[in-house]
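Asks: Just dropping this structure here.
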Amino acid sequence: SIRSSGLVLPPGSTIGILGGGQLARMTAIAAAQLGYKTHVYCPEPEPSAGHVSTHVTRSAYNSYADLDRFAQKVDVITYEFENIMCEPVEYLSRKVAVFPDPKILKTCQDRVLEKTFVQSCGIPTARFEPVDSLDMLRGAIKKLGYPSILKSNTMGYDGKGQVKIVEGMDLEQAWKTVTQNITSSIKAILEEYIEFESEGSVIVARGLDTNCEQVTYPLVQNKHKNHILRQTIAPSPLPDYIHQEAKEISKKISKSIHLVGILAIELFIVKDKQSGNYRLLVNELAPRPHNSGHWTIEGCATSQFEQLVRCICGLSLGCVDFMKRVPEQEYISQKLQPIIMNNLLGQDVDQWEKQIHNKSSHLHIYAKGDAKEGRKMGHVTILPGSN
Ligand code: ADP
Ligand code: MG
């Protein structure tokens, strides 16, 4: 890496962010609070993050002349989404330090690489088969059975590029749907269908200082509708041993992948019918702030966004305790109400006026133009009442 380990970027330095959506927006707000400038680079004409960042470059991700100018103006670079092309990020990393490292980006944007990496850490995932043709799909179904899930190997998000494979369905059509526009060397992946009890996630942060300090936010429960996150419950109402296991998983993964920055780990929580015991499977990794971590803005002493800024600027990491210093343990034993985060999708954003009058809720609006159906327009975090 270009910046040697332990080097601190002081406030006043400029953080470059690839992508201009709500994650970049909230990162820029956190950066500003610590006295950093931000420079957002994205192709959209009116990026959500543009309203709150010091500079904006509106250009294509593969416009190398603009990338050169961007690199000259920033002191460190991060990105807000993992479906960005790898080549421009690798190009930038030869000029300015990019965190998390582009190698991590490469692993996390390819489902086969990602699951292979997770398993190499000794952590279970759903069983899977790389699939590159209709014939290979038929072979993979023989191994994994029905139902199973066919996903595009790259470029998927919010459930896009996925089809549940059930007996008797038109496989040719499924193959076409999933692999259209996919140019990666392995086109798709077939995964066994997991009958999970719930879904969850943990966010881990790892610093740049010489001893690579690492912290994990509490395990949360995530509720999706149509594959889009609707609600996060923090902490997850699962027993203590599962919270411990999630922490162990986050430690192993962040260390093995040499993380500098923030990484979200999406998990399936499976309940064994006989024993009633829970176990965790890793579903996906996202090397960036995550929607399931928005509650940390009001809910934790240090938000995921401030934590990212601290990590990539070489500062020491912030405390992840719940606000009001309530021990995580008390939350987990369910003596206290959890913190709830609700996404405002599409027209939900029209509720802003009702939400603003609710004393225990904190409203966030992303200032995006069109409230298209399912589009993430904002969120509300509800802190437990003062009981
Ligand atoms: P995306 O990149 O779109 O978020 P995910 O792999 O996280 O892709 O899949 C989206 C959602 O689809 C998951 O949150 C989960 O609800 C469901 N899902 C994905 N994989 C499986 C699986 N193997 N078994 C059962 N459900 C799954
Ligand atoms: Mg996902």
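Every chain in the structure tokens has a letter given in the order shown (A, B, ...), and although residue numbers restart at 1 in each chain, ligands are simply numbered from 1 in the order shown.
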Can you write out as a Markdown table which residues of chain A fall within 12 Å of ligand 2, alongside each residue's closest atom pair and its distance in Å to one decimal, counting only C-alpha atoms and all ligand atoms and ordering rows by chain and ascending residue number?
Replies:
| residue | atom | partner | partner_atom_place_in_ligand_line | distance |
| --- | --- | --- | --- | --- |
| A:Glu82 | CA | ligand 2 | 1 (Mg) | 11.5 |
| A:Cys108 | CA | ligand 2 | 1 (Mg) | 11.2 |
| A:Gln109 | CA | ligand 2 | 1 (Mg) | 11.4 |
| A:Arg111 | CA | ligand 2 | 1 (Mg) | 10.7 |
| A:Lys151 | CA | ligand 2 | 1 (Mg) | 11.3 |
| A:Met155 | CA | ligand 2 | 1 (Mg) | 11.5 |
| A:Gly156 | CA | ligand 2 | 1 (Mg) | 8.4 |
| A:Tyr157 | CA | ligand 2 | 1 (Mg) | 6.5 |
| A:Asp158 | CA | ligand 2 | 1 (Mg) | 6.4 |
| A:Gly159 | CA | ligand 2 | 1 (Mg) | 7.1 |
| A:Lys160 | CA | ligand 2 | 1 (Mg) | 9.9 |
| A:Gly161 | CA | ligand 2 | 1 (Mg) | 11.7 |
| A:Gln162 | CA | ligand 2 | 1 (Mg) | 11.1 |
| A:Glu199 | CA | ligand 2 | 1 (Mg) | 9.9 |
| A:Gly200 | CA | ligand 2 | 1 (Mg) | 10.3 |
| A:Ser201 | CA | ligand 2 | 1 (Mg) | 9.9 |
| A:Asn222 | CA | ligand 2 | 1 (Mg) | 10.5 |
| A:Lys223 | CA | ligand 2 | 1 (Mg) | 11.5 |
| A:His224 | CA | ligand 2 | 1 (Mg) | 9.8 |
| A:Asn226 | CA | ligand 2 | 1 (Mg) | 11.8 |
| A:His227 | CA | ligand 2 | 1 (Mg) | 8.0 |
| A:Ile228 | CA | ligand 2 | 1 (Mg) | 8.6 |
| A:Leu229 | CA | ligand 2 | 1 (Mg) | 8.9 |
| A:Ala264 | CA | ligand 2 | 1 (Mg) | 10.0 |
| A:Ile265 | CA | ligand 2 | 1 (Mg) | 9.1 |
| A:Glu266 | CA | ligand 2 | 1 (Mg) | 6.5 |
| A:Leu267 | CA | ligand 2 | 1 (Mg) | 9.0 |
| A:Phe268 | CA | ligand 2 | 1 (Mg) | 10.4 |
| A:Val282 | CA | ligand 2 | 1 (Mg) | 10.4 |
| A:Asn283 | CA | ligand 2 | 1 (Mg) | 7.1 |
| A:Glu284 | CA | ligand 2 | 1 (Mg) | 5.8 |
| A:Leu285 | CA | ligand 2 | 1 (Mg) | 8.1 |
| A:Ala286 | CA | ligand 2 | 1 (Mg) | 8.4 |
| A:His290 | CA | ligand 2 | 1 (Mg) | 10.1 |
| A:Asn291 | CA | ligand 2 | 1 (Mg) | 10.4 |
| A:Ser292 | CA | ligand 2 | 1 (Mg) | 10.6 |
Asks: Could you write those residues out with N, CA, C and O atoms, as a short mmCIF file (atom, residue, chain, number, x, y, z; two decimals), in the first residue's frame?
Replies:
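Written out: again_15.cif:
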data_model
loop_
_atom_site.label_atom_id
_atom_site.label_comp_id
_atom_site.auth_asym_id
_atom_site.auth_seq_id
_atom_site.Cartn_x
_atom_site.Cartn_y
_atom_site.Cartn_z
N GLU A 82 -20.07 -2.44 -3.78
CA GLU A 82 -19.08 -3.41 -4.25
C GLU A 82 -19.29 -3.82 -5.69
O GLU A 82 -18.51 -4.59 -6.22
N CYS A 108 -15.27 -9.85 -2.79
CA CYS A 108 -16.65 -9.65 -2.35
C CYS A 108 -17.62 -9.43 -3.51
O CYS A 108 -18.82 -9.51 -3.31
N GLN A 109 -17.13 -9.14 -4.71
CA GLN A 109 -18.07 -8.92 -5.80
C GLN A 109 -18.28 -10.17 -6.64
O GLN A 109 -19.04 -10.16 -7.59
N ARG A 111 -19.45 -14.06 -6.12
CA ARG A 111 -20.03 -14.95 -5.10
C ARG A 111 -19.23 -16.24 -4.91
O ARG A 111 -19.13 -16.75 -3.80
N LYS A 151 -28.05 -17.69 -8.82
CA LYS A 151 -27.74 -16.26 -8.73
C LYS A 151 -26.68 -15.92 -9.75
O LYS A 151 -25.78 -16.73 -10.01
N MET A 155 -22.46 -8.69 -9.75
CA MET A 155 -23.42 -7.61 -10.03
C MET A 155 -24.79 -7.72 -9.35
O MET A 155 -25.66 -6.89 -9.62
N GLY A 156 -25.01 -8.69 -8.48
CA GLY A 156 -26.32 -8.80 -7.83
C GLY A 156 -26.45 -7.84 -6.66
O GLY A 156 -25.48 -7.53 -6.00
N TYR A 157 -27.66 -7.35 -6.43
CA TYR A 157 -27.96 -6.60 -5.21
C TYR A 157 -29.48 -6.58 -5.01
O TYR A 157 -30.23 -6.72 -5.98
N ASP A 158 -29.91 -6.44 -3.77
CA ASP A 158 -31.35 -6.42 -3.44
C ASP A 158 -32.12 -7.54 -4.17
O ASP A 158 -33.23 -7.33 -4.65
N GLY A 159 -31.50 -8.72 -4.24
CA GLY A 159 -32.17 -9.88 -4.84
C GLY A 159 -32.24 -9.86 -6.36
O GLY A 159 -32.82 -10.76 -6.96
N LYS A 160 -31.63 -8.86 -6.99
CA LYS A 160 -31.66 -8.82 -8.46
C LYS A 160 -30.71 -9.86 -9.03
O LYS A 160 -29.66 -10.11 -8.46
N GLY A 161 -31.10 -10.47 -10.14
CA GLY A 161 -30.27 -11.51 -10.75
C GLY A 161 -30.34 -12.84 -10.02
O GLY A 161 -29.37 -13.59 -9.98
N GLN A 162 -31.50 -13.14 -9.38
CA GLN A 162 -31.67 -14.41 -8.66
C GLN A 162 -32.98 -15.07 -9.06
O GLN A 162 -33.98 -14.39 -9.22
N GLU A 199 -32.65 -13.84 9.40
CA GLU A 199 -31.41 -13.34 8.83
C GLU A 199 -30.82 -12.28 9.75
O GLU A 199 -31.55 -11.59 10.47
N GLY A 200 -29.50 -12.20 9.73
CA GLY A 200 -28.84 -11.23 10.59
C GLY A 200 -27.59 -10.69 9.93
O GLY A 200 -27.27 -11.05 8.79
N SER A 201 -26.90 -9.83 10.66
CA SER A 201 -25.62 -9.33 10.15
C SER A 201 -24.78 -8.79 11.29
O SER A 201 -25.32 -8.41 12.34
N ASN A 222 -32.26 -8.90 10.65
CA ASN A 222 -32.71 -8.15 9.47
C ASN A 222 -33.96 -8.78 8.87
O ASN A 222 -34.00 -9.98 8.65
N LYS A 223 -34.97 -7.95 8.62
CA LYS A 223 -36.19 -8.44 7.99
C LYS A 223 -36.30 -7.85 6.59
O LYS A 223 -36.28 -6.63 6.43
N HIS A 224 -36.41 -8.74 5.60
CA HIS A 224 -36.50 -8.32 4.20
C HIS A 224 -37.91 -8.52 3.68
O HIS A 224 -38.65 -9.35 4.16
N ASN A 226 -39.49 -8.72 -0.39
CA ASN A 226 -39.06 -8.70 -1.79
C ASN A 226 -37.54 -8.51 -1.90
O ASN A 226 -37.06 -7.75 -2.74
N HIS A 227 -36.78 -9.16 -1.02
CA HIS A 227 -35.31 -9.13 -1.02
C HIS A 227 -34.73 -7.78 -0.62
O HIS A 227 -33.53 -7.58 -0.70
N ILE A 228 -35.56 -6.83 -0.24
CA ILE A 228 -35.03 -5.51 0.16
C ILE A 228 -35.16 -5.37 1.67
O ILE A 228 -36.21 -5.71 2.24
N LEU A 229 -34.12 -4.90 2.32
CA LEU A 229 -34.16 -4.74 3.77
C LEU A 229 -35.27 -3.77 4.17
O LEU A 229 -35.36 -2.67 3.63
N ALA A 264 -19.35 -5.62 6.27
CA ALA A 264 -20.59 -6.19 6.80
C ALA A 264 -20.66 -7.66 6.41
O ALA A 264 -20.29 -8.02 5.29
N ILE A 265 -21.09 -8.49 7.34
CA ILE A 265 -21.22 -9.92 7.10
C ILE A 265 -22.69 -10.30 7.25
O ILE A 265 -23.25 -10.16 8.33
N GLU A 266 -23.32 -10.71 6.13
CA GLU A 266 -24.72 -11.13 6.18
C GLU A 266 -24.79 -12.60 6.55
O GLU A 266 -24.03 -13.42 6.03
N LEU A 267 -25.70 -12.93 7.45
CA LEU A 267 -25.76 -14.28 8.02
C LEU A 267 -27.15 -14.89 7.90
O LEU A 267 -28.16 -14.17 8.00
N PHE A 268 -27.20 -16.20 7.71
CA PHE A 268 -28.44 -16.96 7.86
C PHE A 268 -28.41 -17.61 9.23
O PHE A 268 -27.39 -18.21 9.61
N VAL A 282 -22.59 -17.99 6.73
CA VAL A 282 -22.32 -16.68 6.11
C VAL A 282 -22.97 -16.66 4.72
O VAL A 282 -22.78 -17.58 3.94
N ASN A 283 -23.74 -15.62 4.44
CA ASN A 283 -24.35 -15.47 3.12
C ASN A 283 -23.51 -14.58 2.21
O ASN A 283 -23.11 -14.98 1.13
N GLU A 284 -23.23 -13.37 2.66
CA GLU A 284 -22.54 -12.40 1.80
C GLU A 284 -21.63 -11.51 2.61
O GLU A 284 -21.87 -11.28 3.80
N LEU A 285 -20.61 -10.95 1.96
CA LEU A 285 -19.74 -9.95 2.58
C LEU A 285 -19.87 -8.64 1.80
O LEU A 285 -19.94 -8.66 0.57
N ALA A 286 -19.88 -7.53 2.51
CA ALA A 286 -19.92 -6.22 1.85
C ALA A 286 -18.87 -5.33 2.49
O ALA A 286 -18.98 -4.98 3.66
N HIS A 290 -23.14 -0.60 5.81
CA HIS A 290 -24.25 -1.46 5.39
C HIS A 290 -25.55 -0.90 5.93
O HIS A 290 -25.60 -0.33 7.01
N ASN A 291 -26.63 -1.11 5.16
CA ASN A 291 -27.96 -0.64 5.57
C ASN A 291 -28.33 -1.15 6.97
O ASN A 291 -28.97 -0.43 7.74
N SER A 292 -27.90 -2.34 7.31
CA SER A 292 -28.23 -2.90 8.63
C SER A 292 -27.41 -2.26 9.75
O SER A 292 -27.55 -2.63 10.92
#
Asks: What lies within 7 Å of segment 61-71 of chain A using only C-alpha atoms, ignoring chain neighbours under 3 positions off, as a short mmCIF file (atom, residue, chain, number, x, y, z; two decimals) with N, CA and C atoms, in the first residue's frame?
Replies:
data_model
loop_
_atom_site.label_atom_id
_atom_site.label_comp_id
_atom_site.auth_asym_id
_atom_site.auth_seq_id
_atom_site.Cartn_x
_atom_site.Cartn_y
_atom_site.Cartn_z
N CYS A 42 -18.88 10.06 -8.95
CA CYS A 42 -19.93 9.16 -9.43
C CYS A 42 -20.51 9.69 -10.73
N VAL A 74 -7.29 13.99 -3.74
CA VAL A 74 -7.70 13.32 -2.50
C VAL A 74 -6.50 12.67 -1.81
N PRO A 88 -10.85 0.30 -12.52
CA PRO A 88 -10.60 1.70 -12.13
C PRO A 88 -10.15 1.83 -10.67
N LEU A 92 -6.66 3.45 -9.44
CA LEU A 92 -6.54 4.51 -8.44
C LEU A 92 -5.60 4.09 -7.31
N LYS A 95 -2.08 5.08 -7.22
CA LYS A 95 -1.77 6.50 -7.04
C LYS A 95 -2.05 6.98 -5.61
N VAL A 96 -3.14 6.48 -5.04
CA VAL A 96 -3.58 6.90 -3.70
C VAL A 96 -4.01 5.64 -2.95
#
Asks: Could you check the closest approach to ligand 1 for each of A:Ala234, A:Val270, A:Val204, A:Leu259 and tell me which residue wins, using only C-alpha atoms and all ligand atoms?
Replies: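 For ligand 1, the nearest of the given residues is A:Val270.
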Asks: Counting only C-alpha atoms, what is within 12 Å of Val76 of chain A, bar same-chain residues fewer than 5 positions away, as JSON, numbers by chain?
Replies: {"A": [1, 2, 3, 7, 8, 9, 10, 13, 14, 15, 16, 17, 18, 36, 37, 38, 39, 40, 70, 71, 92, 93, 94, 95, 96, 97, 98, 99, 100, 101, 261, 308, 309, 310, 311, 312, 313, 314]}
Asks: Fewer than 3 positions away in the same chain doesn't count, so skip those; otherwise give me all residues within 9 Å of Leu34 of chain A, counting only C-alpha atoms, as a PyMOL selection string.
Replies: chain A and resi 11-12+30-31+306+309
